[in-house]
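Trainee: Handing you a structure now.
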Amino acid sequence: MKTKKLSHINARGDASMVDVSAKPVLQRVAVASGEIRLQRATLKLVQAQAIAKGNVLATARLAGIMAAKKTGELIPLCHPLPISHCEVNFEIPKSMDRVVITASAKIAAQTGVEMEALTAVAVAALTIYDMCKAVDKKMRIDSIKLVSKSKQ
């Protein structure tokens with residue numbers, strides 16, 4: 001079995017940004033998901049918009065979108081990308097034990113937007129954590145992963 005070469009390591013073993021200049025511009029979409037586990041009482045406060053810091057999910061949605069737009073500034077070897085669309089959505093399952101976060105990012109570019117979608121999920125989860133930390137000491141961010149990516 002042939003081992004794949006790491007794309008961000010050059011011939012000398014140094015970290016380097018991948019040169020995408022020869023790649024075609026394509027429509028690219030990435031979807032990521034993750035979750036933050038909270039106590040039932042905390043989720044009830046979130047749903048009632050009764051958290052002291054304000055509307056938790058609206059704030060987390062904006063934070064996730066803003067983070068996707070700044071991914072190239074946050075992660076050293078990511079290309080700075082002018083994403084054309086980012087969406088962050090939340091679901092509270094009937095079990096009332098977590099918020100499931102899904103983010104998608106779109107672009108017409110020479111490289112993908114996986115990191116932007118993943119960053120949106122991570123920062124949305126961190127924002128929920130920050131806004132709820134005064135009432136819930138048992139929160140846990142879990143399962144941040146890439147769900148899909150495509151190019152056309």
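Chains: A, B, ... in order of the structure tokens. Residues: from 1 per chain. Ligands: from 1, in order shown.
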Based on the backbone DSSP call, show me all residues of chain A assigned alpha helix (DSSP H), as a count of residues only.

Mentor: 45

Trainee: Taking into account only C-alpha atoms, which residue in the set A:Arg12, A:Arg98, A:Lys106, A:Lys23 is nearest to Ile65 (chain A)?

Mentor: A:Lys106

Trainee: Residues within 9 Å of Met96 (chain A), please, as a VMD selection string. Count only C-alpha atoms; anything in the same chain fewer than 5 positions from it doesn't count.

Mentor: chain A and resid 38 to 41 43 to 44

Trainee: According to DSSP computed on the backbone, where in chain A is there strand (DSSP E)? Give the residues as JSON, numbers by chain.

Mentor: {"A": [26, 27, 28, 29, 30, 31, 32, 33, 34, 35, 36, 37, 85, 86, 87, 88, 89, 90, 91, 98, 99, 100, 101, 102, 103, 104, 105, 106, 107, 108, 109, 140, 141, 142, 143, 144, 145, 146, 147, 148, 149, 150, 151]}

Trainee: List the spatial neighbours of Ser143 (chain A) as a ChimeraX atom specification - criterion: any atom at most 9 Å away, only C-alpha atoms, same-chain residues fewer than 5 positions off excluded.

Mentor: /A:33-36
